[in-house]
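> Got target_6.tsv for you, TSV, C-alpha atoms:
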chain	number	residue	atom	x	y	z
A	9	MET	CA	-22.40	-17.84	5.81
A	10	GLU	CA	-23.94	-14.37	5.79
A	11	LYS	CA	-21.42	-13.14	8.37
A	12	ARG	CA	-18.52	-14.50	6.29
A	13	SER	CA	-19.46	-12.43	3.24
A	14	VAL	CA	-19.69	-9.30	5.38
A	15	LEU	CA	-16.15	-9.94	6.65
A	16	LYS	CA	-14.81	-10.34	3.14
A	17	LYS	CA	-16.35	-7.03	2.08
A	18	SER	CA	-14.95	-5.19	5.09
A	19	THR	CA	-11.37	-6.30	4.42
A	20	SER	CA	-10.99	-4.43	1.15
A	21	SER	CA	-9.79	-1.24	2.83
A	22	PHE	CA	-7.27	-3.13	4.97
A	23	ARG	CA	-6.07	-5.72	2.51
A	24	LEU	CA	-6.17	-5.43	-1.28
A	25	ARG	CA	-7.20	-8.65	-3.00
A	26	CYS	CA	-4.20	-8.53	-5.30
A	27	PRO	CA	-1.31	-9.84	-3.16
A	28	SER	CA	1.42	-8.10	-5.18
A	29	LEU	CA	-0.27	-4.70	-4.84
A	30	ASN	CA	-0.92	-5.30	-1.14
A	31	SER	CA	2.77	-6.14	-0.67
A	32	LEU	CA	3.82	-2.99	-2.53
A	33	ARG	CA	1.45	-0.83	-0.47
A	34	LEU	CA	2.68	-2.41	2.78
A	35	ARG	CA	6.32	-1.84	1.74
A	36	ARG	CA	5.60	1.83	1.11
A	37	ILE	CA	3.93	2.16	4.52
A	38	PHE	CA	6.96	0.51	6.12
A	39	ASP	CA	9.29	2.94	4.33
A	40	ILE	CA	7.21	5.91	5.51
A	41	PHE	CA	7.17	4.68	9.12
A	42	ASP	CA	10.93	4.01	9.00
A	43	ALA	CA	11.78	7.68	9.62
A	44	ASN	CA	15.56	7.29	9.56
A	45	ALA	CA	15.54	4.77	6.66
A	46	ASP	CA	17.65	2.21	8.51
A	47	GLY	CA	15.43	-0.74	7.56
A	48	ILE	CA	13.98	-1.06	11.06
A	49	ILE	CA	10.89	0.53	12.60
A	50	THR	CA	11.42	1.17	16.28
A	51	VAL	CA	8.51	1.39	18.69
A	52	ALA	CA	9.17	5.15	18.91
A	53	GLU	CA	8.99	5.51	15.09
A	54	LEU	CA	5.81	3.45	15.00
A	55	GLY	CA	4.31	5.55	17.79
A	56	ARG	CA	5.17	8.82	16.00
A	57	ALA	CA	3.67	7.53	12.74
A	58	LEU	CA	0.46	6.42	14.44
A	59	ASN	CA	0.21	9.77	16.24
A	60	LEU	CA	0.63	11.61	12.92
A	61	LEU	CA	-2.26	9.53	11.61
A	62	GLY	CA	-4.37	10.74	14.53
A	63	LEU	CA	-4.18	7.46	16.45
A	64	ASP	CA	-2.98	8.21	19.97
A	65	ALA	CA	-0.53	5.45	20.73
A	66	ASP	CA	0.62	4.66	24.26
A	67	LEU	CA	4.28	3.62	23.85
A	68	ALA	CA	4.17	1.04	26.66
A	69	GLU	CA	1.08	-0.61	25.19
A	70	LEU	CA	2.51	-0.44	21.68
A	71	ARG	CA	5.79	-1.97	22.89
A	72	SER	CA	3.92	-4.92	24.43
A	73	ILE	CA	1.89	-5.45	21.25
A	74	VAL	CA	4.86	-5.53	18.88
A	75	ALA	CA	7.40	-7.18	21.22
A	76	SER	CA	6.62	-10.70	20.02
A	77	PHE	CA	7.23	-9.62	16.39
A	78	ILE	CA	10.68	-8.10	17.04
A	79	GLN	CA	13.45	-10.63	16.45
A	80	PRO	CA	15.95	-11.14	19.30
A	81	GLY	CA	18.85	-8.73	18.99
A	82	ASN	CA	16.94	-6.21	16.86
A	83	ALA	CA	15.98	-2.73	18.02
A	84	GLY	CA	12.67	-2.87	16.16
A	85	LEU	CA	10.66	-4.41	13.35
A	86	ARG	CA	12.36	-5.41	10.10
A	87	TYR	CA	10.08	-5.42	7.04
A	88	GLU	CA	9.38	-9.15	7.43
A	89	ASP	CA	8.41	-8.59	11.08
A	90	PHE	CA	6.20	-5.65	10.11
A	91	GLU	CA	4.54	-7.84	7.47
A	92	ALA	CA	3.87	-10.56	10.07
A	93	LEU	CA	2.40	-7.96	12.45
A	94	HIS	CA	0.16	-6.64	9.66
A	95	ARG	CA	-0.99	-10.17	8.79
A	96	SER	CA	-1.71	-10.90	12.45
A	97	LEU	CA	-3.75	-7.72	12.85
A	98	GLY	CA	-5.66	-8.48	9.67
A	99	ASP	CA	-6.47	-11.99	10.85
A	100	ALA	CA	-7.49	-10.74	14.32
A	101	PHE	CA	-9.76	-7.97	13.07
A	102	PHE	CA	-11.09	-9.42	9.83
A	103	GLY	CA	-10.67	-13.18	10.11
A	104	VAL	CA	-8.56	-15.43	7.98
A	105	GLU	CA	-9.86	-15.51	4.45
A	106	GLU	CA	-10.26	-19.08	3.35
A	107	GLU	CA	-11.10	-20.24	-0.12
A	108	ASP	CA	-14.56	-21.72	-0.58
A	109	ASP	CA	-15.05	-25.05	-2.35
A	110	ASP	CA	-16.73	-23.02	-5.10
A	111	ASP	CA	-13.37	-21.32	-5.73
A	112	ALA	CA	-12.05	-24.55	-7.21
A	113	ALA	CA	-13.40	-23.46	-10.61
A	114	THR	CA	-11.25	-23.57	-13.70
A	115	ALA	CA	-7.83	-21.92	-13.75
A	116	GLY	CA	-9.00	-19.66	-16.58
A	117	ASP	CA	-11.84	-18.29	-14.45
A	118	CYS	CA	-9.44	-17.68	-11.55
A	119	ALA	CA	-6.96	-15.86	-13.78
A	120	ALA	CA	-9.72	-13.71	-15.26
A	121	GLU	CA	-10.98	-12.86	-11.79
A	122	LYS	CA	-7.46	-11.94	-10.64
A	123	LEU	CA	-7.00	-9.63	-13.62
A	124	LYS	CA	-10.38	-8.03	-12.98
A	125	GLN	CA	-9.55	-7.49	-9.30
A	126	GLU	CA	-6.10	-6.14	-10.12
A	127	GLU	CA	-7.67	-3.65	-12.54
A	128	SER	CA	-10.13	-2.61	-9.82
A	129	ASP	CA	-7.32	-2.19	-7.26
A	130	LEU	CA	-5.29	-0.12	-9.72
A	131	THR	CA	-8.31	2.08	-10.48
A	132	GLU	CA	-8.82	2.64	-6.75
A	133	ALA	CA	-5.14	3.54	-6.28
A	134	PHE	CA	-5.20	5.88	-9.30
A	135	LYS	CA	-8.15	7.78	-7.84
A	136	VAL	CA	-6.12	8.52	-4.71
A	137	PHE	CA	-3.63	10.48	-6.82
A	138	ASP	CA	-6.11	11.96	-9.32
A	139	GLU	CA	-7.58	14.42	-6.83
A	140	ASP	CA	-9.57	16.48	-9.35
A	141	GLY	CA	-10.94	13.39	-11.10
A	142	ASP	CA	-9.91	14.49	-14.61
A	143	GLY	CA	-8.30	11.14	-15.46
A	144	TYR	CA	-4.72	12.39	-15.14
A	145	ILE	CA	-2.16	12.77	-12.36
A	146	SER	CA	-0.42	16.12	-12.59
A	147	ALA	CA	2.80	17.06	-10.82
A	148	GLN	CA	0.77	19.24	-8.45
A	149	GLU	CA	-1.56	16.35	-7.55
A	150	LEU	CA	1.39	14.02	-7.00
A	151	GLN	CA	3.08	16.67	-4.83
A	152	ILE	CA	-0.06	16.98	-2.67
A	153	VAL	CA	-0.29	13.21	-2.10
A	154	LEU	CA	3.44	12.91	-1.36
A	155	GLY	CA	3.07	15.79	1.09
A	156	LYS	CA	0.17	14.07	2.85
A	157	LEU	CA	2.37	11.00	3.20
A	158	GLY	CA	5.11	13.16	4.72
A	159	LEU	CA	7.63	12.29	2.03
A	160	PRO	CA	10.52	14.75	1.52
A	161	GLU	CA	10.13	14.61	-2.28
A	162	ALA	CA	6.99	16.72	-1.89
A	163	ARG	CA	9.07	19.78	-0.96
A	164	GLU	CA	10.66	20.13	-4.39
A	165	ILE	CA	8.35	20.43	-7.41
A	166	GLU	CA	11.32	19.69	-9.68
A	167	ARG	CA	11.70	16.22	-8.11
A	168	VAL	CA	7.97	15.62	-8.43
A	169	GLN	CA	8.04	16.70	-12.08
A	170	GLN	CA	10.93	14.30	-12.68
A	171	MET	CA	8.84	11.49	-11.19
A	172	ILE	CA	6.07	12.34	-13.66
A	173	VAL	CA	8.50	12.47	-16.61
A	174	SER	CA	9.90	9.04	-15.69
A	175	VAL	CA	6.53	7.36	-16.37
A	176	ASP	CA	4.98	9.80	-18.87
A	177	ARG	CA	5.19	7.73	-22.09
A	178	ASN	CA	3.28	10.16	-24.33
A	179	CYS	CA	5.17	13.22	-23.00
A	180	ASP	CA	2.07	15.27	-22.16
A	181	GLY	CA	3.38	16.26	-18.71
A	182	ARG	CA	0.95	14.15	-16.74
A	183	VAL	CA	0.24	10.49	-16.02
A	184	ASP	CA	-2.87	8.83	-17.42
A	185	PHE	CA	-4.33	5.59	-16.09
A	186	PHE	CA	-2.51	3.39	-18.61
A	187	GLU	CA	0.87	4.93	-17.74
A	188	PHE	CA	0.07	4.57	-14.03
A	189	LYS	CA	-0.92	0.93	-14.53
A	190	ASP	CA	2.28	0.22	-16.45
A	191	MET	CA	4.37	1.89	-13.73
A	192	MET	CA	2.65	-0.06	-10.95
A	193	ARG	CA	3.05	-3.38	-12.73
A	194	ARG	CA	6.73	-2.69	-13.41
A	195	SER	CA	7.39	-1.72	-9.78
A	196	VAL	CA	5.59	-4.84	-8.54
A	197	LEU	CA	7.72	-7.01	-10.84
A	198	VAL	CA	10.91	-5.30	-9.65
A	199	ARG	CA	9.98	-5.90	-5.97
A	200	ASN	CA	9.05	-9.57	-6.48
With the file now loaded, output its structure as C-alpha cells.

Amino acid sequence: MEKRSVLKKSTSSFRLRCPSLNSLRLRRIFDIFDANADGIITVAELGRALNLLGLDADLAELRSIVASFIQPGNAGLRYEDFEALHRSLGDAFFGVEEEDDDDAATAGDCAAEKLKQEESDLTEAFKVFDEDGDGYISAQELQIVLGKLGLPEAREIERVQQMIVSVDRNCDGRVDFFEFKDMMRRSVLVRN
C-alpha cells in the first residue's frame, strides 16, 4: 500500500486530478506540437517538439513507439490518438489509478473533494502565468509564457493585450485569479 500512495503523489505533474483541466492541457499541448495546424501530429513534428523541450528524440525509435497509435491511412496522430498515447504512457510510467473501496464515500464528499482539487489545479496553473507572484497576470507575463510555448501570439503585444482584455472583467488591465478561474471554467465547458 505504501508504494501505491507514492505513485499517486508522483502523477500530479503528469496528470492533473481534474479530468476536464487535464483534457484542456493535453489539447493545448497537441495544438502546440501540431506545427502546421492540420489536426495531425506527424512523427517529424513530434520529434521537433521533443527536441525543443530538450529531449533528444531518435525519429526511428519515436516512429516505432507511436506507430500503433496512428490509425491506418493517417500520416500521424489525430488528437484522439495522441490522447491514447498519453494515457498509455501515463499508465506505463505511473500505473493505472484505481479507486479504493474507501472512495465509495458519499456523493457530497466526492463533489467537495473534486471542487477542492479543481481549485488547487487552477491555483497551480495560475502560478505558471503569474511569474512575479503579485496575484495578477499582466500582458507582459502572458507574452513571456506564450513565447516559452513557442506560440506566434507572443510576437505581438497588441494580440496579447487583447487576450487580457477579453477576460478582464474589472477592466484593470490584468487578470486576477477569479477572472482566470472563470476563463478556464468557460473554456473547459466550451471544449466538453
> Suppose you want the space between CA of Gly141 in chain A and CA of Asn178 in chain A; what is it in Å?
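Interatomic distance here is 19.7 Å.
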> Restricting the calculation to all atoms listed in the file: of A:Leu159, A:Gln79, A:Met192, A:Ser128, which residue gets closest to Ala45 in chain A?
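For Ala45 in chain A, the nearest of the candidates is A:Leu159.
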> Place a sphere of radius 10 Å on (9.5, 3.0, 6.2) in the file coordinates and name every protein, DNA or RNA residue with an atom inside or on its surface, counting only C-alpha atoms; give the answer as a PDB file with C-alpha atoms, in the coordinates of the input.

ATOM      1  CA  LEU A  34       2.680  -2.410   2.780  1.00  0.00           C
ATOM      2  CA  ARG A  35       6.320  -1.840   1.740  1.00  0.00           C
ATOM      3  CA  ARG A  36       5.600   1.830   1.110  1.00  0.00           C
ATOM      4  CA  ILE A  37       3.930   2.160   4.520  1.00  0.00           C
ATOM      5  CA  PHE A  38       6.960   0.510   6.120  1.00  0.00           C
ATOM      6  CA  ASP A  39       9.290   2.940   4.330  1.00  0.00           C
ATOM      7  CA  ILE A  40       7.210   5.910   5.510  1.00  0.00           C
ATOM      8  CA  PHE A  41       7.170   4.680   9.120  1.00  0.00           C
ATOM      9  CA  ASP A  42      10.930   4.010   9.000  1.00  0.00           C
ATOM     10  CA  ALA A  43      11.780   7.680   9.620  1.00  0.00           C
ATOM     11  CA  ASN A  44      15.560   7.290   9.560  1.00  0.00           C
ATOM     12  CA  ALA A  45      15.540   4.770   6.660  1.00  0.00           C
ATOM     13  CA  ASP A  46      17.650   2.210   8.510  1.00  0.00           C
ATOM     14  CA  GLY A  47      15.430  -0.740   7.560  1.00  0.00           C
ATOM     15  CA  ILE A  48      13.980  -1.060  11.060  1.00  0.00           C
ATOM     16  CA  ILE A  49      10.890   0.530  12.600  1.00  0.00           C
ATOM     17  CA  GLU A  53       8.990   5.510  15.090  1.00  0.00           C
ATOM     18  CA  LEU A  54       5.810   3.450  15.000  1.00  0.00           C
ATOM     19  CA  ALA A  57       3.670   7.530  12.740  1.00  0.00           C
ATOM     20  CA  ARG A  86      12.360  -5.410  10.100  1.00  0.00           C
ATOM     21  CA  TYR A  87      10.080  -5.420   7.040  1.00  0.00           C
TER      22      TYR A  87
END
> Mind pulling up the distance from CA of Ala52 in chain A to CA of Val74 in chain A?
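Distance reported for this atom pair: 11.5 Å.
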> So which residues touch Met171 in chain A within 12 Å, counting only C-alpha atoms, skipping near sequence neighbours fewer than 6 positions away, as a list in words?
Ile145, Ser146, Ala147, Gln148, Leu150, Gln151, Leu154, Glu161, Ala162, Glu164, Ile165, Gly181, Arg182, Val183, Phe188 and Met191 of chain A
> Find the residue from A:Leu123, A:Ile78, A:Cys179, A:Ala65 that sits nearest to Ala92 in chain A; use only C-alpha atoms when measuring.
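For Ala92 in chain A, the nearest of the candidates is A:Ile78.
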> Using only C-alpha atoms, can you tell me which of A:Phe186, A:Leu70, A:Phe90, A:Val173 comes closest to Leu58 in chain A?
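Closest candidate: A:Leu70.
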> Looking at all atoms listed in the file, which of A:Leu67, A:Val51, A:Val168, A:Ala133 is the one that sits closest to Gly84 in chain A?
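Of the candidates, the smallest distance to Gly84 in chain A is held by A:Val51.
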> For Leu157 in chain A, which of A:Ser31, A:Lys189, A:Leu60, A:Ile73 is the closest residue, counting all atoms listed in the file?
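With all atoms listed in the file as the atom set, the closest residue is A:Leu60.
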> Calculated over only C-alpha atoms, which of the candidates A:Phe185, A:Phe134, A:Phe77, A:Tyr144 has the smallest distance to Leu93 in chain A?
A:Phe77
> In Å, with one decimal, what is the gap from CA of Asp190 in chain A to CA of Asp138 in chain A?
16.1 Å
> Set up a box along x, y and z of the file covering all listed atoms of range 124-130 of chain A, add 4 Å on every one of the six sides, and write the centre and edge lengths in Å to one decimal, as lines of an AutoDock Vina configuration file.

center_x = -7.8
center_y = -4.1
center_z = -10.1
size_x = 13.1
size_y = 15.9
size_z = 13.7
